[in-house]
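> Below you'll find the structure I mean.
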Amino acid sequence: METKEDQVLGIFGKIQENESINNKFILQLVEEYGKDSIGVRHGLEQGFLRVMKTMIDTKKRIVKFDKFSEKFFSALHSAANGEKKGGKSSASRTKLEKEDVDELFEYFLQFFGEGLLSSNTHVKTFCALQMVGMLKLLSQDDLSNFDRDVLETIESGCINLIEAKNKSLQLQGLTIAHYIQNLDLPDIGEELLRCLATDEKQEVRLAALRIVSLEEDCFDSNFPEMIHRTRDISSLNRAYLYKRLTGSRILLANLATKEVYKLIYDGLGSRETGVRDACIDYLKMNYQEILKCDEAPMEEMPSHRRIRLEILRYFKVFQIERTLRYPLLRRYMEDMTIIFITNIISPADIVTYTEALLKTLNSKEIGRVEPEEIYLLRIMANHIKEDKSNEQLVNVIDDRFPSGIDFADIVAECHKKKNLLALSEILRLAELLYNCDEVGRQKLKEVLREILLDIDTEPPKDTDPYEEETEYNDIFRKFDDESFLRFRLCSTEYYDTIIDRKDDLVPLIVDIIKKIVGASKSYVFSVYVLEIISLVQVPIPFNKTGEIGSQEEDLLKKQDLLTSEKKRLIEELESLDQEIADIKKKPRRNIQDELYPVESRKNKASRELKTVEEALAIVDKQVERVALRCLNMTAALLQHCRFGQAVATGVNNLMSKLITPCFQRGTEEVRMTALKCLALFVLLDRKFSLNFLQVFVQNLEEPFDNEATKDSVMSFIAGPFQLISLKALFDFALVHDIFKSEALPNAEEKENGRRQEEGNSSDEEEDPDEEIAKTITYEDVGPVLSRYLFHADVSTRTLVVEGFSKLIFNGKLANPLQNLVYLMVIWRDANIIKQGGFEAIQVLSVLFKQYKSVSLISMETLERALEVYIQILLSLSDDRGFEFNRELLMYDSGESLLVNMTSVAIRLLSYKENEAIISQILTEKMSSIGPSERFFLFLCRLSNGKTCAAAKKMRGIFEKTITYFDFIPKADRLALLACSLALEEAIAASDDGKKTLSKFLREMKERLVEPGQSKKSTAVQEENRSVLSLLREGESGEIKCIKDTVETDIQATKMEFATIFKELKTLRVIVRKDGAAEDPVGEGEILFDYEFDKPQVAGDDDDEDKENDVEEFDRSVRGSERKRGPKVSKRRDSPPKTNKRGRPRKNETPVQTKRPKAGKK
């Protein structure tokens, strides 16, 4: 008799014979289950096992069974719940109990969960599909009622799938995790977050991003990990993050401030349109949710009041006042506001709101206007200049904007409100000079003058009302006083100024005065600002009636008097102490009569000293505040002065009357501001820059004179004086070309000086300052700047990287090769990125991409720098006992770095990336060999050697990167011939024969075939045909010229490499490995010495026949047919090494001819 198990197995056999699963088979199984549940369960288990065994045997997946469990359990679920299916009730046909069906679900979920732990991929895929089909039918309540062992089995199988290397298995595991992540299974949640953060596959990260739960109970743990995907390498993942937040209705108002700023920064700052559009849709959703949250009483309000409340609710979320410290973040806030005006709020609503806001301003009720509203109005006024699509908004602003006189009163009222955001935005609005006639301009100028006279230099007492919030990130960084000062000084203010107190608004106010006065009236402008500075420097008190009273004594005189009085009282106290001591030494019993009057005088002097110290502290504070106000206005004035204008306008008087005294006797903050003014002042004239250059150089050398940091290789934190000096030196070099030549004065100045000396009397003494300026060269300043490039903190290194990039790009360095190599070393440093120096990496990426397109010289310089950098990496990876200093740099010493940098170098020099400059070379016939071909010859030379370990390593790297070269179709024939000869030698030196190199050589030979020859017949003989046979008549002389050029370049590169390698050792950027043998070469010699270079044979040059240039080139480049003599060092009889100035190097010692092996002395 046939059992139920046999019947079920028979149904499985019928399904396997048919092309697909028929519904009648499913209904038959459901009916049989209602009759005998245990028998059907055993039959189903055996059927599934047979299917798995078949897949294991055949090594193929049976696709028709993928949907079996989903259909079967769906029918069971419908029958147990009485759901209608196909027009009839399945319960009427087969009556099932829900408990029995749930038990069957639980049994087979555990069954398939154990199958997920199988080692067979087809079995795991089959079990995963069956489980997904079952989990779709169950609610979270049903799953939570299952046995704990069953859930843990499913969890283990799911994690096993997610950790698999197969992408499809990972996606199936993530699908299962979607259904069970809310079942109090902590391991599955951690695995989801790990997969979201670290998985290499874009599709897997996207799937994890889709299913990670954002429910309230797990939001705090999941959302911080999810928001990191705003910087995912895939733009699809970044865009989907914003879509997920939009669909899940995650409001910005419920997020932390750092998360709000990160979403705005990464979304609106993305280069991909899809990401920006997704971010804009997310912002729209937030505003629409605010509209939905309107309370009932708001519907009864006037429309402009309702719109105003909605706008304020929206902008209060972003806490715009906190962005005043972050210029780049404030820029993206402005982008967000423009998007709000154009894409989010309706045009009618923004017009209604603007009309009501301008009406309030015209009524001078500035107290009713929030700072965010002034911010919005300023951006609208700026935006309508470029975009006039909303004509109604343009007309409202033009017609109803306050007049110049009324707006000046509004500015004065904002100054009284003591709100930094409101004042800064109203001043930016005043900068536009809307509706300002001449009377309005003069009124505004007087108001700005009063603000400058009354502006406060004290930092606000409550700079950040949300200081208790301790969550920050790289966009919204937390600063203490010291770090914020360094952040301010290191900022180049590309986007906007840093505003932390009202004193930071002085440059903006002076700029508005300059616009009011007129750009052509520079003399009037300078005199006006100088008058304000003089009034601040010598304050004049006003009496109660407002009339000018008698002028008080100068604050500096008060300070001197109080200081003298303090000194006198201290001396008097010391004298009284000595007198008391002498009285006590006398051998008398009753000495109180003598002590009492002395002690009384001492107590009186102590009280007077305390009073004087308090008064002196007040005066010192007043002096400091007055000095800072004057120096800030001076700096703003100097920024508007033209070169050579200092003497013409009398601005030079500020040097002797303000800057120098403040620098000599002021507090640290005053001296720091005075140094900044000094840098701006001397920038106006080249002679001033040369004379005061030593002041800034000494500031930079000061940390290295300190015993604590003199010999340290650890990064030190540069102080404010060093940061100002760095910026000053780079400004001097950019404006006056002081680093462009070896001697700082240019040739024209030297000639003028010579003529002047000839015309003057011989008895006239030379200016000592000019003599100092002539003795300072870049060689004196360069090492100090280089040390700041490597040894300083990240923010200072970023500043120096940016400064050197400007100098190199603008051609302000006579020999930028060494600095280019230094910047390349920084470019690939993982440590600077880890510490937040991504801005430096972005600057360098732009520099290397754009610098090569400036001119042919810049292209060749970059190519030589890349050669030196590749040699440094190869030398350090060749186990010569040296490495990058791990305390300063973080480098991967493996072969992958060399492969990566070689491919990057090839792309930078490729024809595709440099079409304009290459076409100029070919058109003007500047050179027959371009930078890409030169770099190819360089790599061939590095790969040419049988016994050298570096050459063997380089051949492997060359084979992996040679396909990136694209010069074959466009290169000159002679250059291509030289490259073919060099590559043929590199292949001949290889023992194993590189297939990729040989293939590339065949392509070059095909390009060299004469037009009359058949390429097909040539291709047959390629393997046995020498490149020299492709030479045409008359090309041997030109080949000789290319050979000389290549050899000259190689020798120059070797010497440059030796010099730069030595400098990096001096800077301790490259250090000796622990336990490495002593350096086998002398100080400054070439470490990576091209051991694969062909040795010279004694007497060979004299006896060699030089009639045939082709044979000579073949011998010099390849050396394959020459007889090898004893190895002779090329440096044995070389002259002593000299530095760039032609002077002998110190500690020059003879060099050993043969190098001992590593590890032996």
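Letters for chains follow the order of the structure tokens (A, B, ...), residue numbers begin at 1 for each chain, and ligand numbers begin at 1 in the order shown.
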Which parts of stretch 166-244 of chain A does DSSP call alpha helix (DSSP H) when run on the backbone here, written out as a PyMOL selection string?
chain A and resi 167-180+186-198+202-211+219-226+235-244
> Do you know which residues are at most 7 Å from stretch 365-382 of chain A counting only C-alpha atoms, after dropping those on the same chain fewer than 2 positions away, and could you put them as a ChimeraX atom specification?
/A:315,360-361,363,384-385,410,421-422,425-426,429
> Produce a file of the selected residues containing all heavy atoms, as a compact mmCIF listing (two decimals), in the first residue's frame.

```txt
# COMPACT_ATOMS: atom_id res chain seq x y z
N PHE A 315 13.97 77.25 8.70
CA PHE A 315 15.34 77.75 8.80
C PHE A 315 15.90 77.60 10.21
O PHE A 315 17.13 77.53 10.37
CB PHE A 315 15.41 79.21 8.36
CG PHE A 315 15.51 79.36 6.87
CD1 PHE A 315 14.38 79.52 6.09
CD2 PHE A 315 16.74 79.33 6.24
CE1 PHE A 315 14.46 79.66 4.72
CE2 PHE A 315 16.84 79.45 4.86
CZ PHE A 315 15.70 79.62 4.09
N THR A 360 7.74 95.59 6.86
CA THR A 360 8.19 95.70 8.24
C THR A 360 9.49 96.49 8.34
O THR A 360 9.67 97.32 9.25
CB THR A 360 8.39 94.30 8.84
OG1 THR A 360 7.18 93.55 8.69
CG2 THR A 360 8.76 94.37 10.30
N LEU A 361 10.41 96.28 7.41
CA LEU A 361 11.67 97.02 7.43
C LEU A 361 11.45 98.50 7.15
O LEU A 361 12.11 99.36 7.75
CB LEU A 361 12.64 96.43 6.40
CG LEU A 361 13.21 95.05 6.71
CD1 LEU A 361 14.10 94.57 5.57
CD2 LEU A 361 14.01 95.05 8.01
N SER A 363 8.96 100.21 7.99
CA SER A 363 8.41 100.83 9.20
C SER A 363 9.44 100.89 10.32
O SER A 363 9.11 101.33 11.43
CB SER A 363 7.18 100.04 9.67
OG SER A 363 7.53 98.71 10.02
N ILE A 384 18.54 87.47 -7.27
CA ILE A 384 17.75 88.04 -8.37
C ILE A 384 18.63 88.80 -9.36
O ILE A 384 18.18 89.13 -10.46
CB ILE A 384 16.64 88.96 -7.85
CG1 ILE A 384 17.25 90.14 -7.08
CG2 ILE A 384 15.66 88.20 -6.97
CD1 ILE A 384 16.24 91.17 -6.68
N LYS A 385 19.89 89.06 -8.99
CA LYS A 385 20.79 89.69 -9.95
C LYS A 385 21.12 88.74 -11.09
O LYS A 385 21.32 89.16 -12.24
CB LYS A 385 22.09 90.12 -9.25
CG LYS A 385 21.94 91.33 -8.35
CD LYS A 385 23.30 91.71 -7.79
CE LYS A 385 23.23 92.99 -6.99
NZ LYS A 385 24.57 93.40 -6.48
N ILE A 410 18.34 101.31 9.67
CA ILE A 410 18.16 99.89 9.98
C ILE A 410 19.50 99.26 10.37
O ILE A 410 19.59 98.46 11.32
CB ILE A 410 17.53 99.16 8.78
CG1 ILE A 410 16.10 99.67 8.54
CG2 ILE A 410 17.53 97.66 9.00
CD1 ILE A 410 15.48 99.14 7.27
N LEU A 421 24.67 87.43 13.73
CA LEU A 421 24.13 87.02 12.44
C LEU A 421 23.35 88.16 11.79
O LEU A 421 23.51 88.43 10.59
CB LEU A 421 23.23 85.79 12.61
CG LEU A 421 22.52 85.29 11.34
CD1 LEU A 421 23.54 84.87 10.29
CD2 LEU A 421 21.58 84.14 11.67
N ALA A 422 22.52 88.83 12.58
CA ALA A 422 21.74 89.93 12.03
C ALA A 422 22.64 91.05 11.52
O ALA A 422 22.43 91.59 10.42
CB ALA A 422 20.76 90.45 13.08
N GLU A 425 24.63 89.98 8.30
CA GLU A 425 23.78 89.88 7.11
C GLU A 425 23.28 91.25 6.65
O GLU A 425 23.17 91.51 5.46
CB GLU A 425 22.61 88.94 7.38
CG GLU A 425 23.00 87.51 7.59
CD GLU A 425 23.79 86.94 6.42
OE1 GLU A 425 23.44 87.26 5.26
OE2 GLU A 425 24.76 86.21 6.66
N ILE A 426 22.99 92.15 7.59
CA ILE A 426 22.53 93.48 7.19
C ILE A 426 23.67 94.25 6.54
O ILE A 426 23.46 95.08 5.63
CB ILE A 426 21.94 94.25 8.40
CG1 ILE A 426 20.94 95.32 7.91
CG2 ILE A 426 23.00 94.88 9.23
CD1 ILE A 426 19.67 94.77 7.37
N LEU A 429 23.99 92.97 3.10
CA LEU A 429 22.91 93.57 2.32
C LEU A 429 23.23 95.02 1.98
O LEU A 429 22.92 95.50 0.88
CB LEU A 429 21.61 93.47 3.10
CG LEU A 429 20.30 93.67 2.34
CD1 LEU A 429 20.19 92.74 1.15
CD2 LEU A 429 19.12 93.47 3.28
```
> For stretch 342-353 of chain A, work out the shell of residues within 6 Å, counting only C-alpha atoms and skipping chain neighbours fewer than 3 positions away, then give it as a PyMOL selection string.
chain A and resi 284+304+339+356+393
> From the options A:Val204, A:Ala197, A:Ile857, A:Val275, which residue's atoms come nearest to A:Phe223, counting only C-alpha atoms?
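With only C-alpha atoms as the atom set, the closest residue is A:Ala197.
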> Atom CA of A:Leu889 to atom CA of A:Asn831: how many Å, to one decimal?
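The value is 5.8 Å.
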> Kindly give the distance, in Å, that separates atom CA of A:Gln202 and atom CA of A:Val260, rounded to a single decimal.
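Pair atom CA of A:Gln202 / atom CA of A:Val260 returns 25.0 Å.
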